[in-house]
Amino acid sequence: MTLHPEIATLIASLPAPPEGPLDPVALRAADEAHVAPLEERLPLHAVDDVTAKTAAGEVPVRIYTPVEADSYGVLVYFHGGAFFLGSLETHDHVARSLAKETGLKVVSVGYRLAPEAAFPAGLDDCYAVVRWVAEEGTGLAWDGATLAVAGDSSGGTFAAAVAARAHDDGFDRITHQILYYPSLDLDFDVDRYPSLRENAVGYGLETAGLKPFNAFYLDSGADPADPLVSPIKRTDLTGLPPALVVTAEHDPMRDEGELYGERLREAGVEATVSRYEGAGHGFVQHFSWIPEYHAVFTRTRDFLGRS
């Protein structure tokens, strides 16, 4: 299937990327400039900015309560952005849709970003907030049952790494992991996955851009050979929580996500891989207003409801 025409039209209108070294501060400012004003955002019962006092220090979180209820399952969400972009604001609409469609209370994590915060600062923040949710469950009206982790792109990397780290620590409260077009192998060897070649040019995220965009993270001490950096390099996947892996047909990172789902199943983990045809990388953040892609949120709801 070709790229969805509405996505293709937008990509064709984008300016050429700036020449020279990437400036994370300027790129963040451009990213924040596209945030919708508050009055245009999806209304929910409550949206609260809170500082989570965790083992990793104080971490800003935004808590989305879909409706008034006595208790809730909780989904902890990690935004994408190649480990140096993104914020509670840039992905606010994703978290709101997750809360509305799943009925879970969503805790979005404002983790520290590279290059200012060296590895593993961002990962530590994400993991610490999950532990904080379990420890502070009464204050969050957590039902003590569902505790999911979810993330898109590099946030999906963190979701997979948090699930693995929790398993290794004997923390068994995570019930689901949801990985939207995750970056699971930061090696970026173009011979490793066909999608790195098939989707190299013309679909928004280009293969040649992967190294420079992830360099802020890798140069901060993140080793691509470390399974907490490249979760697909973990040799033993047994015992991990059930997974929903969402991939995009025209994403350079499509194949590593689908291989990870296959490896999870081989390890006895319940894993569902759902490829969205006509989509490119980032469609949950940028194109969920297209009905067939907004369906990813109901797909997530159905996955969370199975177990």
# chains A, B, ... in the order shown; residues from 1 in each chain; ligands from 1
>>> residues_around(residues="range 145-157 of chain A", least_positions_apart="4", cutoff="8 Å", atoms="only C-alpha atoms", output="ChimeraX atom specification")
/A:73-83,130,161,163,173-184,229-231,281-282,284
>>> select_by_dssp(residues="range 23-123 of chain A", states="strand (DSSP E)", output="ChimeraX atom specification")
/A:46-54,57-65,72-78,105-109
>>> closest_atom_pairs(of="range 190-306 of chain A", to="range 7-15 of chain A", cutoff="8 Å", atoms="only C-alpha atoms", output="Markdown table")
| residue | atom | partner | partner_atom | distance |
| --- | --- | --- | --- | --- |
| A:Tyr203 | CA | A:Ile11 | CA | 7.3 |
| A:Gly204 | CA | A:Ile11 | CA | 6.1 |
| A:Ala279 | CA | A:Ile7 | CA | 7.7 |
| A:Phe287 | CA | A:Ile7 | CA | 7.5 |
>>> atom_distance(atom1="CA of Asp31 in chain A", atom2="CA of Leu123 in chain A")
21.6 Å
>>> residues_around(residues="range 112-117 of chain A", least_positions_apart="5", cutoff="6 Å", atoms="only C-alpha atoms", output="list in words")
Phe83, Phe84, Gly122, Phe216, Tyr217 and Ser220 of chain A
